[in-house]
>>> print(open('structure34.cif').read())   # mmCIF, C-alpha atoms
data_upload
#
loop_
_atom_site.label_atom_id
_atom_site.label_comp_id
_atom_site.auth_asym_id
_atom_site.auth_seq_id
_atom_site.Cartn_x
_atom_site.Cartn_y
_atom_site.Cartn_z
CA MET A 1 -11.55 -27.79 6.51
CA GLN A 2 -8.04 -26.37 6.52
CA SER A 3 -5.21 -28.32 8.07
CA THR A 4 -3.06 -27.02 10.92
CA ARG A 5 -0.19 -26.70 8.49
CA GLN A 6 -2.24 -24.50 6.17
CA LYS A 7 -3.30 -22.28 9.08
CA ILE A 8 0.33 -21.88 10.11
CA GLY A 9 1.03 -20.74 6.56
CA LEU A 10 -1.70 -18.11 6.73
CA TYR A 11 -0.62 -16.80 10.11
CA GLY A 12 3.00 -16.92 8.94
CA ILE A 13 2.21 -14.56 6.06
CA PHE A 14 0.96 -11.91 8.44
CA PHE A 15 3.79 -12.55 10.89
CA ALA A 16 6.20 -11.69 8.09
CA MET A 17 4.09 -8.68 7.14
CA PHE A 18 3.93 -7.49 10.77
CA PHE A 19 7.69 -7.66 11.32
CA TRP A 20 8.76 -6.99 7.72
CA ASP A 21 10.73 -3.78 8.33
CA ILE A 22 12.41 -5.18 11.43
CA LEU A 23 13.42 -8.43 9.71
CA ASP A 24 14.59 -6.69 6.54
CA THR A 25 16.62 -4.16 8.52
CA ALA A 26 18.25 -6.85 10.65
CA ILE A 27 19.08 -9.12 7.69
CA PRO A 28 18.30 -7.81 4.19
CA ASN A 29 15.94 -10.10 2.24
CA LEU A 30 15.20 -12.25 5.31
CA PRO A 31 11.41 -11.83 4.78
CA PHE A 32 11.72 -13.45 1.35
CA ALA A 33 13.55 -16.44 2.84
CA PHE A 34 10.79 -16.74 5.45
CA ILE A 35 8.09 -16.67 2.76
CA ILE A 36 9.87 -19.41 0.79
CA LEU A 37 10.07 -21.49 3.97
CA LEU A 38 6.33 -21.07 4.53
CA LEU A 39 5.61 -22.19 0.99
CA LEU A 40 7.78 -25.30 1.36
CA LEU A 41 6.52 -26.29 4.80
CA CYS A 42 2.84 -25.30 4.65
CA THR A 43 1.81 -26.50 1.19
CA ASN A 44 2.10 -29.74 -0.76
CA ILE A 45 4.95 -29.03 -3.16
CA GLN A 46 3.47 -31.21 -5.90
CA GLU A 47 0.21 -29.23 -5.69
CA ILE A 48 1.70 -25.76 -6.02
CA LYS A 49 -0.16 -23.93 -8.79
CA LEU A 50 1.21 -21.32 -11.17
CA ASN A 51 -1.19 -18.62 -12.34
CA ARG A 52 -1.14 -18.55 -16.15
CA ASN A 53 -1.82 -14.82 -16.41
CA PHE A 54 0.97 -14.12 -13.97
CA LEU A 55 3.37 -16.16 -16.09
CA LEU A 56 2.33 -14.14 -19.16
CA VAL A 57 3.03 -10.91 -17.28
CA ILE A 58 6.46 -12.18 -16.25
CA LEU A 59 7.15 -13.21 -19.86
CA PHE A 60 6.37 -9.68 -21.04
CA ILE A 61 8.48 -8.13 -18.29
CA VAL A 62 11.47 -10.35 -19.06
CA SER A 63 11.17 -9.74 -22.82
CA GLN A 64 10.97 -5.99 -22.36
CA GLY A 65 13.84 -6.12 -19.87
CA LEU A 66 16.08 -8.09 -22.25
CA ILE A 67 15.51 -5.50 -24.97
CA ASN A 68 16.49 -2.77 -22.52
CA ILE A 69 19.62 -4.67 -21.51
CA LEU A 70 20.63 -4.59 -25.18
CA LEU A 71 19.85 -0.88 -25.28
CA GLY A 72 21.93 -0.25 -22.14
CA ASN A 73 19.04 0.95 -19.98
CA ASP A 74 18.78 -2.11 -17.72
CA THR A 75 21.14 -4.79 -16.40
CA GLY A 76 20.66 -8.51 -15.98
CA ARG A 77 21.24 -8.28 -12.23
CA LEU A 78 18.60 -5.58 -11.67
CA LEU A 79 16.05 -7.35 -13.87
CA LEU A 80 16.64 -10.77 -12.31
CA THR A 81 16.46 -9.40 -8.76
CA GLN A 82 13.02 -7.91 -9.31
CA VAL A 83 11.63 -10.84 -11.29
CA VAL A 84 12.75 -13.33 -8.63
CA ALA A 85 11.39 -11.23 -5.72
CA ILE A 86 8.01 -10.65 -7.39
CA SER A 87 7.72 -14.29 -8.45
CA ILE A 88 8.56 -15.61 -4.97
CA CYS A 89 5.95 -13.38 -3.36
CA PHE A 90 3.18 -14.02 -5.88
CA ILE A 91 3.59 -17.80 -6.05
CA ALA A 92 3.90 -18.12 -2.27
CA TYR A 93 1.00 -15.83 -1.36
CA ASP A 94 -1.27 -17.23 -4.09
CA ASN A 95 -0.83 -20.79 -2.87
CA LEU A 96 -0.78 -20.07 0.87
CA ILE A 97 -4.12 -18.20 0.83
CA ALA A 98 -5.79 -20.59 -1.65
CA PRO A 99 -7.54 -22.81 0.98
CA PHE A 100 -9.08 -19.83 2.81
CA SER A 101 -12.05 -17.55 2.21
CA PRO A 102 -11.56 -13.76 2.01
CA ALA A 103 -13.16 -13.43 5.46
CA GLU A 104 -10.74 -15.94 7.01
CA ILE A 105 -7.77 -14.17 5.44
CA MET A 106 -8.87 -10.67 6.43
CA SER A 107 -9.75 -11.77 9.97
CA VAL A 108 -6.11 -12.67 10.53
CA TYR A 109 -5.01 -9.44 8.85
CA TRP A 110 -7.37 -7.45 11.10
CA ARG A 111 -5.72 -8.88 14.21
CA ALA A 112 -2.30 -7.90 12.86
CA ALA A 113 -3.56 -4.39 12.06
CA PHE A 114 -5.09 -3.99 15.52
CA TRP A 115 -1.89 -4.92 17.37
CA MET A 116 0.20 -2.78 15.05
CA ALA A 117 -2.11 0.12 15.91
CA VAL A 118 -1.90 -0.63 19.65
CA ILE A 119 1.91 -0.55 19.53
CA GLY A 120 1.77 2.76 17.68
CA ILE A 121 -0.57 4.32 20.23
CA CYS A 122 1.66 3.04 23.05
CA GLU A 123 4.52 4.74 21.24
CA ALA A 124 2.59 8.02 21.32
CA ALA A 125 1.78 7.64 25.02
CA LEU A 126 5.41 6.91 25.90
CA SER A 127 6.64 9.86 23.87
CA LEU A 128 4.66 12.17 26.15
CA LEU A 129 7.03 11.16 28.96
CA LYS A 130 9.86 12.84 27.04
CA THR A 131 12.29 10.26 28.41
CA PRO A 132 14.26 8.80 25.48
CA ALA A 133 15.31 5.63 27.32
CA VAL A 134 11.68 4.80 28.09
CA THR A 135 10.23 6.04 24.82
CA LYS A 136 12.51 3.95 22.63
CA LEU A 137 12.33 0.80 24.74
CA PRO A 138 9.50 -1.05 22.94
CA VAL A 139 9.88 0.49 19.48
CA PHE A 140 12.40 -0.41 16.80
CA PHE A 141 11.64 2.49 14.48
CA THR A 142 10.74 5.25 16.90
CA TYR A 143 9.52 8.57 15.53
CA THR A 144 9.67 10.66 18.67
CA ALA A 145 11.52 13.26 16.59
CA TYR A 146 8.11 14.05 15.14
CA GLU A 147 6.66 14.95 18.53
CA GLY A 148 4.58 18.11 18.58
CA VAL A 149 3.02 17.59 15.15
CA VAL A 150 -0.38 18.20 16.72
CA GLY A 151 -0.05 19.48 20.25
CA PRO A 152 2.22 17.03 22.10
CA LEU A 153 1.44 14.08 19.80
CA PRO A 154 4.09 12.50 17.55
CA ARG A 155 3.64 10.88 14.15
CA LEU A 156 3.03 7.18 14.71
CA ALA A 157 5.16 4.58 12.95
CA SER A 158 4.73 1.56 15.28
CA LEU A 159 6.97 -1.26 13.99
CA CYS A 160 7.07 0.21 10.49
CA ARG A 161 10.02 2.06 9.06
CA GLU A 162 8.15 5.36 8.76
CA PRO A 163 4.66 6.77 9.40
CA SER A 164 3.45 6.42 5.82
CA PHE A 165 4.29 2.69 5.95
CA LEU A 166 2.04 2.35 8.99
CA GLY A 167 -0.65 4.08 6.94
CA TYR A 168 -0.31 1.46 4.19
CA PHE A 169 -0.40 -1.35 6.73
CA LEU A 170 -3.63 -0.13 8.34
CA ALA A 171 -5.42 1.20 5.24
CA PRO A 172 -7.39 -1.93 4.24
CA ALA A 173 -8.59 -2.37 7.83
CA VAL A 174 -9.70 1.27 7.97
CA CYS A 175 -11.64 0.86 4.72
CA LEU A 176 -13.30 -2.33 5.98
CA PHE A 177 -14.30 -0.57 9.20
CA LEU A 178 -15.72 2.44 7.36
CA GLY A 179 -17.41 0.17 4.84
CA LYS A 180 -19.25 -1.62 7.62
CA LYS A 181 -20.77 1.75 8.58
CA ILE A 182 -21.35 3.19 5.10
CA VAL A 183 -22.19 0.19 2.92
CA PRO A 184 -23.28 -2.61 5.28
CA GLU A 185 -25.18 -4.17 2.37
CA LEU A 186 -21.82 -4.76 0.63
CA THR A 187 -20.01 -6.06 3.71
CA ASP A 188 -19.27 -9.71 4.48
CA ASN A 189 -21.28 -10.70 7.56
CA SER A 190 -18.91 -13.61 8.16
CA LEU A 191 -16.12 -11.09 8.84
CA LYS A 192 -17.05 -10.92 12.51
CA VAL A 193 -14.06 -8.80 13.53
CA LEU A 194 -15.83 -5.78 12.03
CA ASP A 195 -18.41 -6.02 14.82
CA ASN A 196 -15.74 -4.95 17.31
CA ASN A 197 -16.07 -1.17 17.26
CA PHE A 198 -13.37 -0.71 19.90
CA GLU A 199 -10.71 -2.36 17.75
CA GLY A 200 -11.92 -0.46 14.69
CA ILE A 201 -11.64 2.86 16.50
CA ILE A 202 -8.12 2.01 17.70
CA ILE A 203 -7.05 1.18 14.13
CA LEU A 204 -8.65 4.35 12.76
CA ALA A 205 -7.06 6.49 15.50
CA ALA A 206 -3.59 5.10 14.82
CA TYR A 207 -4.10 5.63 11.09
CA ILE A 208 -5.03 9.28 11.62
CA MET A 209 -2.13 9.78 14.02
CA THR A 210 0.40 8.86 11.36
CA PHE A 211 -0.24 12.45 10.24
CA SER A 212 0.81 11.17 6.84
CA SER A 213 -0.29 13.01 3.71
CA VAL A 214 -0.67 9.80 1.73
CA ALA A 215 -2.70 8.27 4.57
CA TYR A 216 -5.05 11.26 4.53
CA PHE A 217 -5.40 11.16 0.76
CA GLY A 218 -5.96 7.42 1.14
CA LEU A 219 -8.81 8.13 3.55
CA ALA A 220 -10.40 10.39 0.95
CA ILE A 221 -9.94 7.68 -1.69
CA MET A 222 -11.67 5.12 0.53
CA LEU A 223 -14.64 7.40 1.09
CA ILE A 224 -14.91 8.19 -2.63
CA ILE A 225 -14.85 4.49 -3.59
CA LEU A 226 -17.42 3.62 -0.93
CA TRP A 227 -19.51 6.59 -2.06
CA TRP A 228 -19.36 5.34 -5.64
CA GLU A 229 -20.47 1.85 -4.63
CA LYS A 230 -23.22 3.14 -2.37
CA GLY A 231 -26.77 3.01 -3.67
CA PHE A 232 -28.75 6.25 -3.53
CA SER A 233 -29.32 7.36 0.06
CA ILE A 234 -28.65 10.29 2.37
CA LYS A 235 -25.13 8.93 2.87
CA LYS A 236 -24.53 9.42 -0.86
CA ILE A 237 -24.99 13.15 -0.29
CA ILE A 238 -23.17 13.39 3.04
CA ILE A 239 -19.92 11.61 2.13
CA PRO A 240 -18.57 14.30 -0.29
CA LEU A 241 -19.26 16.93 2.37
CA VAL A 242 -17.43 14.82 4.97
CA ILE A 243 -14.38 14.55 2.69
CA ILE A 244 -14.28 18.33 2.20
CA VAL A 245 -14.68 19.03 5.92
CA LEU A 246 -12.01 16.49 6.90
CA TYR A 247 -9.56 17.94 4.39
CA MET A 248 -10.19 21.49 5.66
CA VAL A 249 -9.73 20.38 9.27
CA ALA A 250 -6.46 18.63 8.49
CA TYR A 251 -5.16 21.45 6.31
CA ASN A 252 -5.93 24.16 8.84
CA ASN A 253 -4.88 22.34 12.00
CA ILE A 254 -1.93 20.12 11.07
CA ASP A 255 1.05 22.28 10.13
CA ASP A 256 3.06 19.37 8.74
CA PHE A 257 0.23 18.30 6.42
CA ARG A 258 -0.36 21.89 5.23
CA THR A 259 3.36 22.38 4.56
CA ARG A 260 3.56 19.21 2.48
CA VAL A 261 0.49 20.13 0.44
CA ASN A 262 1.71 23.68 -0.18
CA ASP A 263 5.30 22.71 -0.99
CA THR A 264 4.24 19.93 -3.35
CA TRP A 265 1.84 22.26 -5.15
CA ASN A 266 4.50 24.97 -5.44
CA LEU A 267 7.14 22.56 -6.72
CA PHE A 268 4.93 21.13 -9.45
CA ASN A 269 3.90 24.65 -10.47
CA GLY A 270 7.44 26.02 -10.56
CA VAL A 271 6.99 28.39 -7.62
CA SER A 272 9.58 26.82 -5.29
CA GLN A 273 13.08 25.66 -6.22
CA THR A 274 14.97 26.22 -3.00
CA ALA A 275 16.42 24.21 -0.16
CA SER A 276 13.59 25.44 2.06
CA VAL A 277 11.01 22.97 0.73
CA ASN A 278 10.22 20.05 3.00
CA PHE A 279 12.04 16.76 2.55
CA SER A 280 8.98 14.75 1.51
CA SER A 281 7.79 17.16 -1.20
CA PHE A 282 11.28 17.50 -2.63
CA THR A 283 11.83 13.75 -2.96
CA TYR A 284 8.40 13.32 -4.54
CA TYR A 285 9.00 16.02 -7.11
CA SER A 286 12.56 14.96 -7.89
CA ASN A 287 11.42 11.38 -8.53
CA TRP A 288 8.62 12.66 -10.76
CA ARG A 289 11.23 14.45 -12.86
CA VAL A 290 13.26 11.24 -13.08
CA ALA A 291 10.21 9.23 -14.18
CA TYR A 292 9.08 11.86 -16.68
CA ASN A 293 12.51 12.24 -18.30
CA SER A 294 13.00 8.48 -18.36
CA PHE A 295 9.63 8.09 -20.09
CA LEU A 296 10.67 10.60 -22.75
CA HIS A 297 14.12 9.03 -23.07
CA THR A 298 12.65 5.58 -23.87
CA LYS A 299 9.85 7.01 -26.05
CA GLY A 300 7.28 5.52 -23.69
CA PHE A 301 8.68 1.99 -24.00
CA GLY A 302 10.07 1.92 -20.47
CA ALA A 303 13.62 1.24 -19.37
CA GLY A 304 12.99 -2.26 -17.97
CA LEU A 305 12.05 -3.69 -14.60
CA GLY A 306 14.58 -2.75 -11.92
CA SER A 307 16.17 -0.02 -14.04
CA TYR A 308 14.83 2.89 -12.02
CA GLN A 309 18.10 3.44 -10.19
CA ASN A 310 19.91 3.70 -13.55
CA MET A 311 17.38 6.29 -14.72
CA PHE A 312 17.72 8.07 -11.38
CA ASP A 313 21.48 8.36 -11.84
CA LYS A 314 20.94 9.70 -15.35
CA PHE A 315 18.13 12.19 -14.73
CA ASN A 316 18.22 13.14 -11.02
CA ILE A 317 17.82 16.91 -10.72
CA GLY A 318 20.07 17.11 -7.65
CA SER A 319 19.35 18.31 -4.14
CA TRP A 320 19.06 22.05 -4.82
CA GLY A 321 21.56 22.46 -2.01
CA THR A 322 19.68 20.27 0.43
CA SER A 323 22.58 18.12 1.59
CA GLY A 324 22.19 14.37 1.83
CA ILE A 325 18.77 13.89 0.23
CA ASP A 326 19.56 13.82 -3.47
CA SER A 327 19.55 10.01 -3.66
CA VAL A 328 16.40 9.27 -1.62
CA ASN A 329 14.16 6.61 -3.25
CA ARG A 330 16.83 5.94 -5.85
CA GLU A 331 15.68 2.33 -6.16
CA ASP A 332 11.89 2.55 -5.81
CA GLY A 333 10.93 5.94 -7.21
CA ASN A 334 8.82 7.02 -4.21
CA SER A 335 5.67 6.10 -6.15
CA ALA A 336 4.50 3.00 -8.01
CA PHE A 337 3.10 5.27 -10.73
CA PHE A 338 6.47 6.98 -11.22
CA ARG A 339 8.34 3.70 -11.19
CA ILE A 340 6.00 1.93 -13.63
CA LEU A 341 6.10 4.98 -15.91
CA ALA A 342 9.89 4.82 -15.96
CA GLU A 343 10.39 1.05 -16.05
CA LEU A 344 7.43 -0.41 -17.95
CA GLY A 345 6.22 2.57 -19.95
CA VAL A 346 2.84 2.95 -21.63
CA VAL A 347 2.12 -0.78 -21.83
CA GLY A 348 2.87 -1.22 -18.13
CA LEU A 349 0.59 1.62 -17.10
CA LEU A 350 -2.23 0.38 -19.31
CA ALA A 351 -1.81 -3.13 -17.90
CA VAL A 352 -2.08 -1.84 -14.33
CA MET A 353 -5.21 0.19 -15.16
CA TYR A 354 -6.74 -2.84 -16.90
CA PHE A 355 -6.00 -5.03 -13.89
CA LEU A 356 -7.49 -2.60 -11.38
CA ILE A 357 -10.68 -2.13 -13.40
CA LYS A 358 -11.20 -5.66 -14.73
CA GLU A 359 -10.53 -7.47 -11.46
CA PHE A 360 -12.66 -5.17 -9.30
CA ARG A 361 -15.60 -7.13 -7.89
CA ARG A 362 -18.40 -6.59 -10.41
CA PRO A 363 -21.44 -8.13 -8.70
CA LYS A 364 -22.40 -5.93 -5.77
CA ASP A 365 -22.47 -8.41 -2.93
CA LYS A 366 -20.75 -9.19 0.37
CA TYR A 367 -17.35 -9.48 -1.31
CA THR A 368 -17.44 -5.95 -2.76
CA ILE A 369 -16.01 -4.41 0.40
CA TYR A 370 -12.78 -6.38 -0.05
CA SER A 371 -12.29 -4.97 -3.54
CA CYS A 372 -12.95 -1.45 -2.19
CA ALA A 373 -10.36 -1.86 0.57
CA ILE A 374 -7.67 -3.32 -1.68
CA LEU A 375 -8.27 -0.84 -4.51
CA SER A 376 -7.84 2.01 -1.99
CA LEU A 377 -4.49 0.55 -0.97
CA PHE A 378 -3.36 0.14 -4.59
CA ILE A 379 -4.16 3.78 -5.36
CA MET A 380 -2.13 4.80 -2.29
CA PHE A 381 0.77 2.74 -3.66
CA LEU A 382 0.47 4.49 -7.01
CA LEU A 383 0.62 7.82 -5.21
CA ARG A 384 3.44 7.14 -2.78
CA GLN A 385 5.01 3.67 -2.54
CA GLY A 386 7.36 2.37 -5.20
CA ASN A 387 8.55 -0.90 -3.66
CA TYR A 388 6.73 -3.68 -5.51
CA THR A 389 7.14 -6.34 -2.81
CA HIS A 390 7.24 -4.47 0.51
CA ALA A 391 5.35 -5.92 3.49
CA GLY A 392 2.73 -8.05 1.78
CA SER A 393 1.82 -5.71 -1.08
CA ILE A 394 1.65 -8.63 -3.53
CA LEU A 395 -0.49 -10.55 -1.03
CA PHE A 396 -3.24 -8.02 -1.74
CA VAL A 397 -2.77 -8.53 -5.49
CA CYS A 398 -3.48 -12.23 -4.97
CA LEU A 399 -6.46 -11.47 -2.73
CA TYR A 400 -7.84 -8.94 -5.25
CA LEU A 401 -7.81 -11.68 -7.88
CA LYS A 402 -9.36 -14.19 -5.47
CA VAL A 403 -12.20 -11.85 -4.51
CA ALA A 404 -13.01 -11.12 -8.16
CA LYS A 405 -13.56 -14.84 -8.80
CA MET A 406 -15.73 -15.62 -5.77
CA PRO A 407 -19.23 -16.91 -6.66
CA GLN A 408 -21.91 -14.25 -6.49
CA VAL A 409 -24.04 -14.21 -3.35
CA LYS A 410 -26.94 -12.14 -2.10
CA THR A 411 -26.06 -8.94 -0.26
CA SER A 412 -26.42 -8.75 3.50
CA GLU A 413 -29.09 -6.09 3.05
CA LYS A 414 -31.16 -5.20 0.03
CA LEU A 415 -29.30 -2.71 -2.14
CA LYS A 416 -30.81 0.76 -2.16
CA LEU A 417 -31.34 1.80 -5.77
#
>>> encode(input="structure34.cif", output="structure tokens")
Amino acid sequence: MQSTRQKIGLYGIFFAMFFWDILDTAIPNLPFAFIILLLLLCTNIQEIKLNRNFLLVILFIVSQGLINILLGNDTGRLLLTQVVAISICFIAYDNLIAPFSPAEIMSVYWRAAFWMAVIGICEAALSLLKTPAVTKLPVFFTYTAYEGVVGPLPRLASLCREPSFLGYFLAPAVCLFLGKKIVPELTDNSLKVLDNNFEGIIILAAYIMTFSSVAYFGLAIMLIILWWEKGFSIKKIIIPLVIIVLYMVAYNNIDDFRTRVNDTWNLFNGVSQTASVNFSSFTYYSNWRVAYNSFLHTKGFGAGLGSYQNMFDKFNIGSWGTSGIDSVNREDGNSAFFRILAELGVVGLLAVMYFLIKEFRRPKDKYTIYSCAILSLFIMFLLRQGNYTHAGSILFVCLYLKVAKMPQVKTSEKLKL
């Protein structure tokens, strides 16, 4: 039985996650201070545990970073900043969630996701009034400038800094909700929040209304992973068709999505090199060039944790005349894949792949759905989120590890083979 103090710690994690962008914008690094406070107040200090494998990873990162400092690629300040931030988050999250089951943790997360979705949908409703004073009243990061993306509807951001961040926030909940429908035999029956179809539909609707390319690709990733885990059945045949149909619907009916897909394809194939490409595709491509050239520059060794901004300054291709956007994502690379490629090189990429594969829940049982949801989120991060510690991302690393180690149990329904 968890103590009140431990429950406060769990709820505090998701409070910080819920208001992360607001807190960090008001006072930079305030969320980290809040997480440290939770660790000190909601755990027994003398019982705080340090994960041995995590310490080995940090040892490698520091060793590689020190070599790069000597080579002039990294600096002590940049390396220390990232090591401290990652260590704070991992140690705090790992210890704060330790007393709780995956279902207890994800039940609290689900509530946070639902209310984040509700705020986003309220944002959309208020934007239809076209009265700025009213529209911006409840929302800190309002995206009414995106109104008219599909009919009169804006891109939702809720309390997140931008629509794609809302997509990341809601993605695990969306995968859990879909998993309940597609692979009920691999879904935790003790996660009672999944029985509330109304809340699930609200979360899914808000996710779709981000009109975010990475959110839509994330949806396809979720369906593919669930399809892979599904035993043979009619759903095994239907899911690929659903993915194709959904992509065609989005591509043909959402101009912003189609533009991003086309521009990104043209940039990577050398068709477009003008200021007319959309902002998102340009920043993605320019950061890919930084990561690629950095990888070649270090012979695949990596330039050291935190060094991305140095590599950006060295290899940025410029704005092609698009004023004011040539330094976007200078610190985080716009993609975890790009950033790891540049900072940690071949060994870093192989380590990430090893982690994702090895720690995925092997026995097919009620815990499998958690691995599916978190893996979907991680792949979205690799595609389009380069900040290692933003809004609870490392929390899901800790939960991924926890789920992998849970004792095997019988599935809620007999697996279809």
>>> resolve_selection(input="structure34.cif", expression="the PyMOL selection byres ((chain A and resi 311) around 8)", output="list in words")
Asn73, Val290, Ala291, Ser294, Ala303, Ser307, Tyr308, Gln309, Asn310, Phe312, Asp313, Lys314, Phe315, Asn316 and Ala342 of chain A
>>> resolve_selection(input="structure34.cif", expression="the PyMOL selection byres ((chain A and resi 262) around 12)", output="list of chain:residue names")
A:Ser213, A:Tyr251, A:Asn252, A:Asp255, A:Asp256, A:Phe257, A:Arg258, A:Thr259, A:Arg260, A:Val261, A:Asp263, A:Thr264, A:Trp265, A:Asn266, A:Leu267, A:Phe268, A:Asn269, A:Val271, A:Ser272, A:Val277, A:Asn278, A:Ser280, A:Ser281, A:Phe282
>>> residues_around(input="structure34.cif", residues="stretch 103-116 of chain A", least_positions_apart="2", cutoff="6 Å", atoms="all atoms listed in the file", output="CSV table (one decimal) with C-alpha atoms, keeping the file's coordinate frame")
chain,number,residue,atom,x,y,z
A,100,PHE,CA,-9.1,-19.8,2.8
A,101,SER,CA,-12.0,-17.6,2.2
A,118,VAL,CA,-1.9,-0.6,19.6
A,119,ILE,CA,1.9,-0.6,19.5
A,170,LEU,CA,-3.6,-0.1,8.3
A,191,LEU,CA,-16.1,-11.1,8.8
A,203,ILE,CA,-7.0,1.2,14.1
>>> resolve_selection(input="structure34.cif", expression="the PyMOL selection byres ((chain A and resi 218) around 10)", output="MDAnalysis selection string")
chainID A and resid 167:168 171:172 174:175 212:217 219:224 376:381 383
>>> write_last_selection(input="structure34.cif", atoms="C-alpha atoms", output="mmCIF file, in the frame of the given file")
data_model
loop_
_atom_site.group_PDB
_atom_site.id
_atom_site.type_symbol
_atom_site.label_atom_id
_atom_site.label_comp_id
_atom_site.auth_asym_id
_atom_site.auth_seq_id
_atom_site.Cartn_x
_atom_site.Cartn_y
_atom_site.Cartn_z
ATOM 1 C CA GLY A 167 -0.650 4.080 6.940
ATOM 2 C CA TYR A 168 -0.310 1.460 4.190
ATOM 3 C CA ALA A 171 -5.420 1.200 5.240
ATOM 4 C CA PRO A 172 -7.390 -1.930 4.240
ATOM 5 C CA VAL A 174 -9.700 1.270 7.970
ATOM 6 C CA CYS A 175 -11.640 0.860 4.720
ATOM 7 C CA SER A 212 0.810 11.170 6.840
ATOM 8 C CA SER A 213 -0.290 13.010 3.710
ATOM 9 C CA VAL A 214 -0.670 9.800 1.730
ATOM 10 C CA ALA A 215 -2.700 8.270 4.570
ATOM 11 C CA TYR A 216 -5.050 11.260 4.530
ATOM 12 C CA PHE A 217 -5.400 11.160 0.760
ATOM 13 C CA LEU A 219 -8.810 8.130 3.550
ATOM 14 C CA ALA A 220 -10.400 10.390 0.950
ATOM 15 C CA ILE A 221 -9.940 7.680 -1.690
ATOM 16 C CA MET A 222 -11.670 5.120 0.530
ATOM 17 C CA LEU A 223 -14.640 7.400 1.090
ATOM 18 C CA ILE A 224 -14.910 8.190 -2.630
ATOM 19 C CA SER A 376 -7.840 2.010 -1.990
ATOM 20 C CA LEU A 377 -4.490 0.550 -0.970
ATOM 21 C CA PHE A 378 -3.360 0.140 -4.590
ATOM 22 C CA ILE A 379 -4.160 3.780 -5.360
ATOM 23 C CA MET A 380 -2.130 4.800 -2.290
ATOM 24 C CA PHE A 381 0.770 2.740 -3.660
ATOM 25 C CA LEU A 383 0.620 7.820 -5.210
#
>>> residues_around(input="structure34.cif", residues="A:Ala205", least_positions_apart="4", cutoff="9 Å", atoms="only C-alpha atoms", output="JSON, numbers by chain")
{"A": [117, 121, 200, 201, 209, 210]}
>>> closest_residue(input="structure34.cif", among="A:Leu126, A:Ile225, A:Ala404, A:Val347", to="A:Leu156", atoms="only C-alpha atoms")
A:Leu126
>>> closest_residue(input="structure34.cif", among="A:Leu382, A:Ile97, A:Leu194, A:Ile69", to="A:Phe14", atoms="all atoms listed in the file")
A:Ile97
>>> closest_residue(input="structure34.cif", among="A:Met353, A:Ser63, A:Asp94, A:Leu153", to="A:Leu129", atoms="all atoms listed in the file")
A:Leu153
>>> residues_around(input="structure34.cif", residues="A:Asn287", least_positions_apart="6", cutoff="9 Å", atoms="all atoms listed in the file", output="PDB file with C-alpha atoms, keeping the file's coordinate frame")
ATOM      1  CA  PHE A 312      17.720   8.070 -11.380  1.00  0.00           C
ATOM      2  CA  ASN A 316      18.220  13.140 -11.020  1.00  0.00           C
ATOM      3  CA  ILE A 317      17.820  16.910 -10.720  1.00  0.00           C
ATOM      4  CA  VAL A 328      16.400   9.270  -1.620  1.00  0.00           C
ATOM      5  CA  ASN A 329      14.160   6.610  -3.250  1.00  0.00           C
ATOM      6  CA  ARG A 330      16.830   5.940  -5.850  1.00  0.00           C
ATOM      7  CA  GLY A 333      10.930   5.940  -7.210  1.00  0.00           C
ATOM      8  CA  ASN A 334       8.820   7.020  -4.210  1.00  0.00           C
ATOM      9  CA  SER A 335       5.670   6.100  -6.150  1.00  0.00           C
ATOM     10  CA  PHE A 338       6.470   6.980 -11.220  1.00  0.00           C
ATOM     11  CA  ARG A 339       8.340   3.700 -11.190  1.00  0.00           C
TER      12      ARG A 339
END
>>> atom_distance(input="structure34.cif", atom1="atom CA of A:Lys180", atom2="atom CA of A:Leu241")
19.3 Å
>>> closest_residue(input="structure34.cif", among="A:Trp20, A:Met1, A:Ile182, A:Ile374", to="A:Ile238", atoms="only C-alpha atoms")
A:Ile182
>>> residues_around(input="structure34.cif", residues="A:Pro31", least_positions_apart="3", cutoff="9 Å", atoms="only C-alpha atoms", output="PyMOL selection string")
chain A and resi 16-17+19-21+23-24+27-28+34-36+391
>>> residues_near_point(input="structure34.cif", point="(10.4, 1.4, 9.4)", cutoff="10 Å", atoms="all atoms listed in the file", output="ChimeraX atom specification")
/A:19-22,24-25,140-143,157-166
>>> write_last_selection(input="structure34.cif", atoms="C-alpha atoms", output="compact mmCIF listing (two decimals), in the coordinates of the input")
# COMPACT_ATOMS: atom_id res chain seq x y z
CA PHE A 19 7.69 -7.66 11.32
CA TRP A 20 8.76 -6.99 7.72
CA ASP A 21 10.73 -3.78 8.33
CA ILE A 22 12.41 -5.18 11.43
CA ASP A 24 14.59 -6.69 6.54
CA THR A 25 16.62 -4.16 8.52
CA PHE A 140 12.40 -0.41 16.80
CA PHE A 141 11.64 2.49 14.48
CA THR A 142 10.74 5.25 16.90
CA TYR A 143 9.52 8.57 15.53
CA ALA A 157 5.16 4.58 12.95
CA SER A 158 4.73 1.56 15.28
CA LEU A 159 6.97 -1.26 13.99
CA CYS A 160 7.07 0.21 10.49
CA ARG A 161 10.02 2.06 9.06
CA GLU A 162 8.15 5.36 8.76
CA PRO A 163 4.66 6.77 9.40
CA SER A 164 3.45 6.42 5.82
CA PHE A 165 4.29 2.69 5.95
CA LEU A 166 2.04 2.35 8.99
>>> atom_distance(input="structure34.cif", atom1="atom CA of A:Trp227", atom2="atom CA of A:Leu178")
11.0 Å
>>> atom_distance(input="structure34.cif", atom1="atom CA of A:Ala373", atom2="atom CA of A:Ile13")
18.7 Å
>>> closest_residue(input="structure34.cif", among="A:Val84, A:Met406, A:Ile91, A:Val397", to="A:Asp365", atoms="only C-alpha atoms")
A:Met406
